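For reference, the structure discussed in these notes is given below.
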Amino acid sequence: MLDVAFSKPVPPKAGAVALLLAEEEQLAGVAAALDQAAGGAIARALEVAGFKGHKGKNIMLYAPAPGLGRVVVQGLGKRADLSALTLEEAGGSIATALSAEPQAVILADSLGAQDAAHLALGAVLRSYRFDRYRTKEKAEDKPKLAAISLQVPELTKARAAFAPLKATAEGIFLTRDLVTEPANILTPAEMAERCKKLTALGLKVEVLGPKELAKLGFGAMLGVSQGSVQEPRMVVMQWNGTGARRTKKPVCFVGKGVTFDTGGISIKPAAGMEDMKWDMAGAGAVVGLMATLAGRKAKVDAVGIVGLVENMPSGTAQRPGDVVTSYSGQTIEVLNTDAEGRLVLADLLWYAQEKFDPAFMVNLATLTGAIIVALGQEHGGMFSNDDDLSQKLLAAGLTTGEKLWRMPLGDAYDRSLKSDIADMKNIAGRYGSAVVAAQFIQRFVNGKPWAHLDIAGMVWSSKDAPCVPKGATAYGLRLLDRLVRDHYEG
Ligand code: BES
Ligand code: MN
Ligand code: ZN
């Protein structure tokens with residue numbers, strides 16, 4: 001991970017430097033001093049380029065004075081409009097602009113401690129790279145930026161502000177790693193092993209295998225898993241951050257962890273099936289979130305539960321038409337083995353309520369292609385039985401940039417799940433199928449405030465964004481970390 005340090009404002013004499021310029025402002029503070037030392041070269045370049053400090057824009061100067069390397073001037077937009085998000089994006093752009101430099105100094109003397117910390121976070125998040133399987137890349141082809149130092153007036157405050165954000169970044173990197181790993185490596189057992197390692201952060205981690213799950217009666221989840229040679233796992237992670245002996249009900253996060261989704265006997269078309277290695281991204285975000293809460297010692301009691309299975313076709317696979325008995329006791333006619341995520345969630349949610357009596361539950365799942373048709377790759381779909389929880393989630397989405405859009409629920413959708421021979425079937429018609437999927441899940445919600453986030457369009461990106469390189473986004477983690485921070489700590 002990119003190393004972040006904070007230092008006192010002093011004009012740098014050498015190396016790579018980033019300057020910040022807000023709209024309608026002139027170079028000031030250390031930036032102005034640096035310009036002076038460079039004989040006005042920076043101001044002249046800004047003039048020639050017509051650079052006004054617009055948000056998302058930057059210009060690059062090379063060696064404007066002896067000793068200096070690349071100097072990037074990053075636009076911030078209007079100072080009055082600055083937010084955590086715009087600062088993170090500025091940090092991300094700087095990290096990209098200076099990726100060929102081993103280290104860089106960022107002149108952030110015009111920023112408060114919290115703002116500087118968010119700028120640093122953006123640079124860290126943008127510098128993520130999954131390098132595990134590149135054995136032949138030459139060193140000169142790799143991005144080099146390994147350390148940044150931000151010059152800020154309030155050193156101690158900035159360090160304190162950055163500490164929890166660093167824990168968030170570590171959680172995000174864990175999630176991105178899990179989501180990026182191919183399915184031959186990241187089997188349910190392997191993912192459970194990686195969860196187990198989080199005990200080092202102070203999390204309590206329990207792993208349940210096929211025997212325990214069968215004994216509990218997890219018929220819906222085990223039906224999905226039965227076609228695969230890979231054993232299923234359920235992982236329960238607990239963070240006790242209040243120190244109290246559980247006076248308050250814990251908050252609870254539940255993730256769909258299908259490590260590969262072929263569709264099973266209702267098999268998917270070949271084209272694009274490789275994407276289904278990231279059908280565990282809901283679980284991936286829950287694992288990263290729990291690591292984050294523990295990493296930043298959040299004052300909350302939280303439970304994270306993930307159901308890890310592989311959905312394969314084989315001689316032992318579940319057939320269309322099979323009836324399974326879920327942990328709740330309700331029976332399900334599995335008319336389409338590709339509608340498997342809801343089967344996994346059904347057992348997890350019931351278990352979460354029975355075992356932990358949570359204050360609320362939020363589940364994350366790459367559940368339907370239909371939510372991508374509805375919302376594209378801009379918003380996750382939110383379905384909820386609780387207006388208060390919904391409002392809080394929507395707000396957290398806006399502050400973190402992990403946006404949500406609330407979708408409807410209703411009896412008419414629910415009725416479409418009526419089965420001829422069991423309590424329900426797992427699919428209905430083609431129309432509104434993201435809503436019907438949510439409706440299915442709601443049948444396993446037993447009176448608790450609950451939100452289902454269908455994040456199928458959000459967890460993998462085909463293009464770079466300011467703080468998210470293309471690939472695994474870890475969508476959902478920051479959103480829920482923010483939800484906890486703003487409403488459930490202390
Ligand atoms: N994992 C898929 C949903 C998905 C599709 C995620 C594309 C990301 C990209 C899920 O298990 C699935 O197959 N859903 C089906 C449900 C259908 C059979 C009712 C779908 O969306 O087609
Ligand atoms: Mn599927
Ligand atoms: Zn799936």
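In the structure tokens, each chain is lettered A, B, ... as it comes, each chain's residues begin at 1, and ligands are numbered from 1 in order of appearance.
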### Task
Enumerate as a list in words the residues within 6 Å of ligand 1, counting only C-alpha atoms and all ligand atoms.
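The distance check yields Gly263, Asp279, Asn336, Asp338, Ala339, Glu340, Gly341, Thr366, Leu367, Thr368, Gly369, Ala370, Ile427 and Ala456 of chain A.
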Write a file of the just-selected residues containing N, CA, C and O atoms, as a short mmCIF file (atom, residue, chain, number, x, y, z; two decimals), in the first residue's frame.
data_model
loop_
_atom_site.label_atom_id
_atom_site.label_comp_id
_atom_site.auth_asym_id
_atom_site.auth_seq_id
_atom_site.Cartn_x
_atom_site.Cartn_y
_atom_site.Cartn_z
N GLY A 263 -24.36 -20.94 -13.16
CA GLY A 263 -25.80 -21.09 -13.35
C GLY A 263 -26.28 -22.48 -12.91
O GLY A 263 -27.47 -22.69 -12.71
N ASP A 279 -18.99 -13.13 -8.37
CA ASP A 279 -20.33 -13.29 -7.79
C ASP A 279 -20.27 -13.44 -6.26
O ASP A 279 -21.28 -13.67 -5.60
N ASN A 336 -35.24 -22.53 -11.26
CA ASN A 336 -34.05 -22.11 -12.03
C ASN A 336 -32.84 -22.15 -11.10
O ASN A 336 -32.80 -21.41 -10.12
N ASP A 338 -30.04 -21.07 -11.59
CA ASP A 338 -29.22 -19.87 -11.71
C ASP A 338 -29.72 -18.75 -10.79
O ASP A 338 -29.04 -17.75 -10.60
N ALA A 339 -30.90 -18.92 -10.22
CA ALA A 339 -31.36 -17.94 -9.22
C ALA A 339 -30.94 -18.47 -7.86
O ALA A 339 -31.75 -18.84 -7.00
N GLU A 340 -29.58 -18.54 -7.67
CA GLU A 340 -29.02 -19.24 -6.51
C GLU A 340 -28.68 -18.31 -5.35
O GLU A 340 -28.67 -18.73 -4.20
N GLY A 341 -28.41 -17.04 -5.68
CA GLY A 341 -27.97 -16.12 -4.62
C GLY A 341 -29.05 -15.97 -3.55
O GLY A 341 -28.76 -15.96 -2.35
N THR A 366 -24.61 -9.59 -5.50
CA THR A 366 -24.68 -9.44 -6.96
C THR A 366 -25.82 -10.34 -7.41
O THR A 366 -25.61 -11.43 -7.92
N LEU A 367 -27.05 -9.86 -7.21
CA LEU A 367 -28.18 -10.79 -7.26
C LEU A 367 -28.81 -10.96 -8.63
O LEU A 367 -29.20 -12.07 -9.00
N THR A 368 -28.96 -9.85 -9.38
CA THR A 368 -29.68 -9.99 -10.66
C THR A 368 -29.05 -9.16 -11.78
O THR A 368 -28.54 -8.06 -11.56
N GLY A 369 -29.14 -9.70 -12.99
CA GLY A 369 -28.79 -8.92 -14.17
C GLY A 369 -29.81 -7.80 -14.36
O GLY A 369 -29.49 -6.74 -14.91
N ALA A 370 -31.02 -8.02 -13.89
CA ALA A 370 -32.09 -7.04 -14.10
C ALA A 370 -31.81 -5.71 -13.41
O ALA A 370 -32.22 -4.66 -13.90
N ILE A 427 -38.15 -18.34 -8.84
CA ILE A 427 -38.21 -17.33 -9.92
C ILE A 427 -39.67 -17.11 -10.30
O ILE A 427 -40.54 -17.95 -10.04
N ALA A 456 -25.10 -5.86 -8.35
CA ALA A 456 -24.54 -6.57 -9.51
C ALA A 456 -23.85 -5.64 -10.51
O ALA A 456 -22.87 -6.02 -11.14
#
### Task
Per DSSP on the backbone, filter stretch 203-355 of chain A down to the residues in alpha helix (DSSP H) and report them as number ranges by chain.
A: 210-216, 219-225, 281-295, 341-355
Mind dumping the selected residues with C-alpha atoms as a compact mmCIF listing (two decimals), in the first residue's frame?
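part.txt, freshly written:
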# COMPACT_ATOMS: atom_id res chain seq x y z
CA PRO A 210 -20.87 -28.87 5.18
CA LYS A 211 -21.53 -31.11 8.17
CA GLU A 212 -22.42 -28.27 10.51
CA LEU A 213 -24.53 -26.59 7.87
CA ALA A 214 -26.42 -29.80 7.18
CA LYS A 215 -26.99 -30.27 10.88
CA LEU A 216 -28.39 -26.75 11.15
CA GLY A 219 -31.18 -26.82 2.83
CA ALA A 220 -31.42 -23.84 0.52
CA MET A 221 -27.72 -22.95 0.63
CA LEU A 222 -26.58 -26.58 0.48
CA GLY A 223 -28.76 -27.24 -2.57
CA VAL A 224 -26.74 -24.61 -4.45
CA SER A 225 -23.45 -26.09 -3.34
CA ALA A 281 -18.44 -9.50 -4.19
CA GLY A 282 -21.24 -9.00 -1.66
CA ALA A 283 -19.42 -11.34 0.71
CA GLY A 284 -16.13 -9.68 -0.23
CA ALA A 285 -17.47 -6.29 0.84
CA VAL A 286 -18.77 -7.69 4.13
CA VAL A 287 -15.37 -9.25 4.91
CA GLY A 288 -13.55 -5.99 4.07
CA LEU A 289 -16.07 -4.03 6.13
CA MET A 290 -15.53 -6.21 9.19
CA ALA A 291 -11.76 -5.83 8.76
CA THR A 292 -12.25 -2.06 8.54
CA LEU A 293 -14.42 -1.84 11.66
CA ALA A 294 -11.87 -3.85 13.60
CA GLY A 295 -8.93 -2.01 12.02
CA GLY A 341 -27.97 -16.12 -4.62
CA ARG A 342 -31.39 -15.71 -3.03
CA LEU A 343 -31.23 -19.34 -1.84
CA VAL A 344 -27.97 -18.65 -0.05
CA LEU A 345 -29.25 -15.41 1.48
CA ALA A 346 -32.47 -17.06 2.63
CA ASP A 347 -30.59 -19.30 5.07
CA LEU A 348 -28.07 -16.66 6.13
CA LEU A 349 -30.69 -14.04 6.97
CA TRP A 350 -32.80 -16.43 8.99
CA TYR A 351 -29.71 -17.54 10.87
CA ALA A 352 -28.63 -13.95 11.53
CA GLN A 353 -31.97 -13.17 13.17
CA GLU A 354 -32.20 -16.39 15.19
CA LYS A 355 -28.67 -16.19 16.46
### Message
I need the residues of stretch 210-459 of chain A that end up classed as strand (DSSP E or B) by DSSP on the backbone, written out as a VMD selection string.
### Response
chain A and resid 233 to 240 251 to 261 301 to 311 322 to 325 331 to 334 360 to 365 380 to 384 404 to 406 424 to 425 450 to 454
### Query
Residues at most 12 Å from A:Gly209, counting only C-alpha atoms, excluding those fewer than 5 positions away in the same chain, as a VMD selection string?
chain A and resid 188 to 189 192 to 193 214 to 216 218 221 to 222 225 230 to 236 307 to 309
Those selected residues, please, written with N, CA, C and O atoms and delivered as a short mmCIF file (atom, residue, chain, number, x, y, z; two decimals), in the first residue's frame.
data_model
loop_
_atom_site.label_atom_id
_atom_site.label_comp_id
_atom_site.auth_asym_id
_atom_site.auth_seq_id
_atom_site.Cartn_x
_atom_site.Cartn_y
_atom_site.Cartn_z
N PRO A 188 -14.57 -21.56 -1.81
CA PRO A 188 -15.18 -21.24 -0.52
C PRO A 188 -14.24 -21.52 0.66
O PRO A 188 -14.12 -20.69 1.58
N ALA A 189 -13.52 -22.64 0.60
CA ALA A 189 -12.62 -22.98 1.72
C ALA A 189 -11.49 -21.96 1.83
O ALA A 189 -11.12 -21.54 2.94
N ALA A 192 -12.75 -18.70 3.25
CA ALA A 192 -12.95 -18.85 4.70
C ALA A 192 -11.61 -18.77 5.44
O ALA A 192 -11.51 -18.16 6.51
N GLU A 193 -10.57 -19.38 4.85
CA GLU A 193 -9.23 -19.30 5.45
C GLU A 193 -8.77 -17.85 5.58
O GLU A 193 -8.19 -17.44 6.59
N ALA A 214 -25.37 -28.80 7.37
CA ALA A 214 -26.42 -29.80 7.18
C ALA A 214 -27.16 -30.02 8.49
O ALA A 214 -28.39 -30.14 8.53
N LYS A 215 -26.39 -30.06 9.57
CA LYS A 215 -26.99 -30.27 10.88
C LYS A 215 -27.93 -29.13 11.26
O LYS A 215 -29.01 -29.35 11.83
N LEU A 216 -27.52 -27.91 10.90
CA LEU A 216 -28.39 -26.75 11.15
C LEU A 216 -29.66 -26.80 10.30
O LEU A 216 -30.69 -26.27 10.68
N PHE A 218 -29.47 -26.06 6.70
CA PHE A 218 -29.32 -25.04 5.65
C PHE A 218 -29.61 -25.64 4.26
O PHE A 218 -28.75 -25.66 3.38
N MET A 221 -29.12 -23.21 0.99
CA MET A 221 -27.72 -22.95 0.63
C MET A 221 -27.01 -24.22 0.16
O MET A 221 -26.24 -24.20 -0.81
N LEU A 222 -27.27 -25.33 0.84
CA LEU A 222 -26.58 -26.58 0.48
C LEU A 222 -27.03 -27.10 -0.88
O LEU A 222 -26.26 -27.74 -1.59
N SER A 225 -24.83 -25.62 -3.41
CA SER A 225 -23.45 -26.09 -3.34
C SER A 225 -23.28 -27.54 -3.82
O SER A 225 -22.17 -27.95 -4.17
N GLN A 230 -16.22 -28.38 -4.56
CA GLN A 230 -15.76 -27.45 -3.52
C GLN A 230 -16.78 -27.41 -2.38
O GLN A 230 -17.96 -27.16 -2.62
N GLU A 231 -16.28 -27.66 -1.18
CA GLU A 231 -17.18 -27.63 -0.02
C GLU A 231 -17.66 -26.22 0.30
O GLU A 231 -16.90 -25.26 0.15
N PRO A 232 -18.91 -26.12 0.78
CA PRO A 232 -19.41 -24.80 1.19
C PRO A 232 -18.84 -24.38 2.55
O PRO A 232 -18.37 -25.22 3.32
N ARG A 233 -18.90 -23.10 2.80
CA ARG A 233 -18.54 -22.56 4.12
C ARG A 233 -19.50 -21.42 4.47
O ARG A 233 -19.89 -20.65 3.60
N MET A 234 -19.82 -21.33 5.75
CA MET A 234 -20.42 -20.09 6.24
C MET A 234 -19.42 -19.50 7.23
O MET A 234 -18.90 -20.22 8.08
N VAL A 235 -19.16 -18.22 7.09
CA VAL A 235 -18.24 -17.57 8.01
C VAL A 235 -19.00 -16.50 8.79
O VAL A 235 -19.71 -15.68 8.19
N VAL A 236 -18.86 -16.55 10.11
CA VAL A 236 -19.49 -15.57 10.99
C VAL A 236 -18.39 -14.78 11.67
O VAL A 236 -17.56 -15.35 12.39
N GLY A 307 -22.02 -16.40 3.11
CA GLY A 307 -22.31 -17.77 2.67
C GLY A 307 -21.51 -18.03 1.40
O GLY A 307 -21.71 -17.35 0.39
N LEU A 308 -20.59 -19.00 1.51
CA LEU A 308 -19.64 -19.24 0.42
C LEU A 308 -19.95 -20.59 -0.25
O LEU A 308 -19.87 -21.64 0.39
N VAL A 309 -20.27 -20.52 -1.53
CA VAL A 309 -20.58 -21.74 -2.28
C VAL A 309 -20.14 -21.55 -3.73
O VAL A 309 -19.98 -20.42 -4.19
#
### Query
Which residues, written as a VMD selection string, have at least one atom at most 9 Å from A:Leu375, with only C-alpha atoms counted and residues fewer than 5 positions away on the same chain left out?
chain A and resid 370 380 to 381 405 457
## Note on the structure
Counting only C-alpha atoms and all ligand atoms, the residue among A:Val323, A:Glu489, A:Gly476, A:Gly255 that lies closest to ligand 3 is A:Gly255
Per-residue nearest contacts of stretch 153-200 of chain A to stretch 113-117 of chain A (10 Å; only C-alpha atoms) as a Markdown table:
| residue | atom | partner | partner_atom | distance |
| --- | --- | --- | --- | --- |
| A:Pro153 | CA | A:Ala113 | CA | 7.9 |
| A:Glu154 | CA | A:Ala113 | CA | 6.0 |
| A:Leu155 | CA | A:Ala113 | CA | 7.5 |
| A:Thr156 | CA | A:Ala113 | CA | 8.5 |
| A:Lys157 | CA | A:Ala113 | CA | 5.6 |
| A:Ala158 | CA | A:Ala113 | CA | 4.2 |
| A:Arg159 | CA | A:Ala117 | CA | 7.6 |
| A:Ala160 | CA | A:Ala113 | CA | 8.5 |
| A:Ala161 | CA | A:Gln114 | CA | 5.6 |
| A:Phe162 | CA | A:Ala117 | CA | 4.8 |
| A:Ala163 | CA | A:Ala117 | CA | 8.6 |
| A:Pro164 | CA | A:Ala117 | CA | 9.7 |
| A:Leu165 | CA | A:Ala117 | CA | 7.5 |
| A:Lys166 | CA | A:Ala117 | CA | 9.1 |
### Query
Residues at most 8 Å from stretch 264-266 of chain A, counting only C-alpha atoms, excluding those fewer than 3 positions away in the same chain, as a list in words?
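My reading of the contact set: Gly227, Asp261, Asn311, Met312, Pro313, Ser314, Ala317, Gln318, Arg319, Pro320, Asn336, Thr337 and Asp338 of chain A.
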Could those selected residues go to a file with N, CA and C atoms, as a short mmCIF file (atom, residue, chain, number, x, y, z; two decimals), in the first residue's frame?
data_model
loop_
_atom_site.label_atom_id
_atom_site.label_comp_id
_atom_site.auth_asym_id
_atom_site.auth_seq_id
_atom_site.Cartn_x
_atom_site.Cartn_y
_atom_site.Cartn_z
N GLY A 227 -23.65 -29.38 -6.36
CA GLY A 227 -23.09 -29.78 -7.65
C GLY A 227 -21.60 -29.59 -7.75
N ASP A 261 -20.33 -18.67 -10.36
CA ASP A 261 -21.72 -18.96 -10.71
C ASP A 261 -21.83 -19.35 -12.18
N ASN A 311 -21.49 -22.59 -7.58
CA ASN A 311 -22.69 -23.08 -8.27
C ASN A 311 -22.28 -23.77 -9.57
N MET A 312 -22.25 -25.11 -9.55
CA MET A 312 -21.75 -25.88 -10.70
C MET A 312 -22.79 -26.87 -11.20
N PRO A 313 -22.73 -27.22 -12.48
CA PRO A 313 -23.55 -28.31 -12.99
C PRO A 313 -22.76 -29.62 -12.88
N SER A 314 -23.38 -30.68 -12.49
CA SER A 314 -22.70 -31.97 -12.43
C SER A 314 -23.73 -33.03 -12.13
N ALA A 317 -25.54 -32.22 -9.06
CA ALA A 317 -26.10 -30.87 -8.95
C ALA A 317 -27.61 -30.91 -8.71
N GLN A 318 -28.09 -29.84 -8.16
CA GLN A 318 -29.53 -29.62 -7.97
C GLN A 318 -30.19 -29.50 -9.36
N ARG A 319 -31.39 -30.09 -9.50
CA ARG A 319 -32.11 -30.03 -10.77
C ARG A 319 -33.19 -28.95 -10.73
N PRO A 320 -33.53 -28.37 -11.87
CA PRO A 320 -34.72 -27.52 -11.92
C PRO A 320 -35.93 -28.33 -11.49
N ASN A 336 -35.24 -22.53 -11.26
CA ASN A 336 -34.05 -22.11 -12.03
C ASN A 336 -32.84 -22.15 -11.10
N THR A 337 -31.88 -23.01 -11.44
CA THR A 337 -30.73 -23.16 -10.53
C THR A 337 -29.79 -21.97 -10.61
N ASP A 338 -30.04 -21.07 -11.59
CA ASP A 338 -29.22 -19.87 -11.71
C ASP A 338 -29.72 -18.75 -10.79
#
### Option closest in space to A:Gly401, from A:Tyr327, A:Tyr475, A:Phe444, A:Tyr488 [counting only C-alpha atoms]
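Closest to A:Gly401, using only C-alpha atoms: A:Tyr475.
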### Message
Which residues are near A:Leu85? Cut-off 10 Å, only C-alpha atoms, ignore same chain within fewer than 3 positions. Put them as a list of chain:residue names.
### Response
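The contact residues come out as A:Leu82, A:Glu88, A:Glu89, A:Ala90, A:Gly91, A:Asp115, A:His118, A:Leu119, A:Gly122, A:Leu398, A:Thr399, A:Thr400, A:Gly401, A:Cys467.
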#### Entry: For stretch 61-78 of chain A: contacts at 9 Å, only C-alpha atoms, fewer than 3 positions along chain excluded, given as a ChimeraX atom specification
/A:12-25,35,37-42,45-46,51-58,81-82,86-87,90-91,93-94,97-98,101
